[in-house]
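The structure appears right after this line, and notes come after that.
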Amino acid sequence: MKTSKLVVPDIGDFDKVEIIEMLVAVGDTVLPEDSLITVESDKASMEIPASEGGIIKELKVQIGDYVTEGSVLAIIETTQSAAENEPEQKPAPVVDPDEEAELKPQSPPVAPVATPQAEKTSPTVNVDEVTFSKAYASPSIRKFARELGVDLGQVGGTGRKQRILKEDIKSHVKSTMQAGGPAAQLSGNALGVAPMPEIDFSQWGDIETVALSKINKLTGEFLHRNWVTIPHVTQYDEADITEMEAFRKDMGKELEKEGVKITPLAFIMKAVVAALKTYPRFNSSLDVSKQNLIQKSYYHIGVAVDTPDGLVVPVIRDADKKSVIQISQEIRDFAVKARDKKLRPSDMQGGCFSISSLGGIGGTKFTPIINAPEVAILGVSRSKMEPVWNGKKFKPRLMLPLSLSYDHRVIDGADGARFTSYLSNALSDIRRLLL
Ligand code: CAO
């Protein structure tokens, strides 16, 4: 154990600068380069860092004092571990990056620590960079704000001349959390609901803890985000696929010899492409600013595939340029690849619209979750023979249930109903797909 003096290092041009903020107190443990005080000249402010680490035993200065190079700021007791942390170079004052251009010390000992680039590493909410840069705050406060994703322009300062202090940022975060604002989203409590209680289920019987697969976890995160951030509406409809299925079965017999099998899903995909061409808004994505739609002129359609490890969505590219046979084969190849865990990330990118078919399994209808940044998804359930009134009598018809979920920010209800009606008509008479 030994004591040392922490002094003001070379601060360039500046003769005497006033201390406007004490960043440490007696008893604090500091590491080399931790900021000790903030000083201000008539041109700029800067933080003075510790040249070595230890425990602050005595402070030799206070707010309002003027200091210059060599002024003693504090006495510290250095410990073995703190001494090991000593920097190889003398630390430089940390200059407020927004004022750095003005400051220009003639020969700074080393480059400023808090560069604007370093500051911009972790913004997590929309920050107005102009007001952020104009906010009256020291570099460490700016860094602190960046770490928490706080927009400094929105924070009121209670320090001298309305300077923003650490306490101001903490109060801002607290009040935003209570209001359910952006800071609350950072804590995952955006809905302002009570956290899920941790329950010991073994109190009611035998249990086993099974880890979620990597796919389960990834899919879970995306689905959760999409479900809570996109206003979903699901439009239900049905298509009379009696003729389509008769044709598919006839063709199936012919193609079987060549080892080809056509799935109803391929016809549904062709009908979806035709509907996307007729209602192009369904083939768009909102841009990040949410002020514009990115309209796509290509037709890459995702297909949800159920695998033992979870759900994956490979994408059939250029479905508009492929035949029903080609699409059937690609769906089958993708399903095999997905179940053998052989899909590449690129196989699952670039989709415009997704189809989730539970037709091979069962169910009457369901609410598929939109696969953002797409704006709509079609759920297909199991077709069923039903009595349908043709104006004169009931006739047995094979009816396919359709469930279209769409992003209501982009698509109106009327267009949702038009889209499913179009699909229904196209699938009821697949000759329309040739037009
Ligand atoms: N109605 C009635 N029968 C249907 C049908 C429908 N809508 N869709 C398919 N079938 C039939 C098929 O014709 C096939 O019967 P045959 O063998 O007698 O011809 C049988 O059901 C099995 O089809 P399949 O499901 O193996 O093949 P597919 O091309 O219809 O679907 C795939 C392929 C990859 C989409 C499917 O295997 C799959 O994984 N589905 C699950 C998707 C999923 O999990 N979605 C939920 C996502 S949201 O959590």
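By convention in this document, the chains of the structure tokens carry letters A, B, ... by their order, each chain's residues are numbered from 1, and ligands are numbered from 1 in the order they are shown.
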Hey, which residues come within 8 Å of ligand 1 if we count only C-alpha atoms and all ligand atoms? Could you give them as a PyMOL selection string? chain A and resi 261-266+303-307+311+328+331-332+334-335+356-362+368-369+379-384+400-401
Fewer than 2 positions away in the same chain doesn't count, so skip those; otherwise give me all residues within 12 Å of range 341-344 of chain A, counting only C-alpha atoms, as a ChimeraX atom specification. /A:214-215,305-315,333-339,346-349
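Using only C-alpha atoms, the protein and nucleic acid residues lying no more than 7 Å from Gly64 in chain A, apart from those fewer than 2 places from it along its own chain, are Glu18, Ile19, Ile20, Gln62 and Tyr66 of chain A.
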I need the residues in range 276-434 of chain A that are alpha helix (DSSP H) according to DSSP; give them as a ChimeraX atom specification. /A:276-278,324-339,413-428
Separation of CA of Arg409 in chain A from CA of Phe353 in chain A, in Å and rounded to one decimal: 16.1 Å
When distances are computed from only C-alpha atoms, which of A:Ser284, A:Ile268, A:Asp237, A:Asp320 shows the smallest separation from Arg418 in chain A?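 Nearest to Arg418 in chain A: A:Asp237.
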Could you name the residues that touch Ile370 in chain A at 10 Å or less, counting only C-alpha atoms, but leaving out those on the same chain fewer than 6 positions away, as a compact mmCIF listing (two decimals) with N, CA and C atoms, in the first residue's frame?
```
# COMPACT_ATOMS: atom_id res chain seq x y z
N PHE A 222 -38.13 -13.97 -33.08
CA PHE A 222 -38.71 -13.27 -34.24
C PHE A 222 -40.23 -13.22 -34.15
N LEU A 223 -40.82 -14.37 -33.78
CA LEU A 223 -42.28 -14.42 -33.72
C LEU A 223 -42.80 -13.46 -32.66
N ASN A 226 -42.50 -9.93 -33.96
CA ASN A 226 -43.48 -9.64 -35.01
C ASN A 226 -44.90 -9.56 -34.46
N TRP A 227 -45.18 -10.42 -33.48
CA TRP A 227 -46.54 -10.45 -32.92
C TRP A 227 -46.84 -9.17 -32.15
N ILE A 230 -46.35 -5.76 -34.87
CA ILE A 230 -47.14 -5.59 -36.11
C ILE A 230 -48.63 -5.72 -35.78
N PRO A 231 -49.44 -4.74 -36.14
CA PRO A 231 -50.88 -4.89 -35.92
C PRO A 231 -51.45 -5.89 -36.94
N HIS A 232 -51.67 -7.12 -36.47
CA HIS A 232 -52.15 -8.20 -37.34
C HIS A 232 -53.68 -8.17 -37.48
N VAL A 233 -54.14 -8.45 -38.69
CA VAL A 233 -55.56 -8.77 -38.88
C VAL A 233 -55.55 -10.07 -39.68
N PHE A 353 -43.29 -12.97 -49.36
CA PHE A 353 -44.58 -13.37 -48.81
C PHE A 353 -44.38 -14.82 -48.38
N SER A 354 -45.06 -15.25 -47.31
CA SER A 354 -44.88 -16.64 -46.87
C SER A 354 -46.19 -17.40 -46.89
N ILE A 355 -46.05 -18.72 -47.04
CA ILE A 355 -47.23 -19.60 -46.95
C ILE A 355 -46.94 -20.63 -45.86
N ALA A 376 -47.51 -9.79 -45.23
CA ALA A 376 -48.66 -10.70 -45.17
C ALA A 376 -48.19 -12.15 -45.25
N ILE A 377 -49.03 -13.03 -44.76
CA ILE A 377 -48.72 -14.47 -44.79
C ILE A 377 -50.04 -15.21 -44.98
N LEU A 378 -49.97 -16.31 -45.76
CA LEU A 378 -51.19 -17.09 -45.99
C LEU A 378 -51.10 -18.41 -45.21
N LEU A 404 -55.55 -15.44 -44.09
CA LEU A 404 -54.53 -14.46 -44.51
C LEU A 404 -54.31 -13.45 -43.39
N SER A 405 -53.08 -13.43 -42.79
CA SER A 405 -52.77 -12.37 -41.82
C SER A 405 -52.01 -11.27 -42.55
N TYR A 406 -52.41 -10.02 -42.30
CA TYR A 406 -51.71 -8.90 -42.96
C TYR A 406 -51.42 -7.80 -41.95
N ASP A 407 -50.43 -6.98 -42.32
CA ASP A 407 -50.00 -5.86 -41.48
C ASP A 407 -50.96 -4.69 -41.76
```
Rounded to one decimal place, report the CA of Lys322 in chain A-CA of Met251 in chain A distance in Å. 17.1 Å
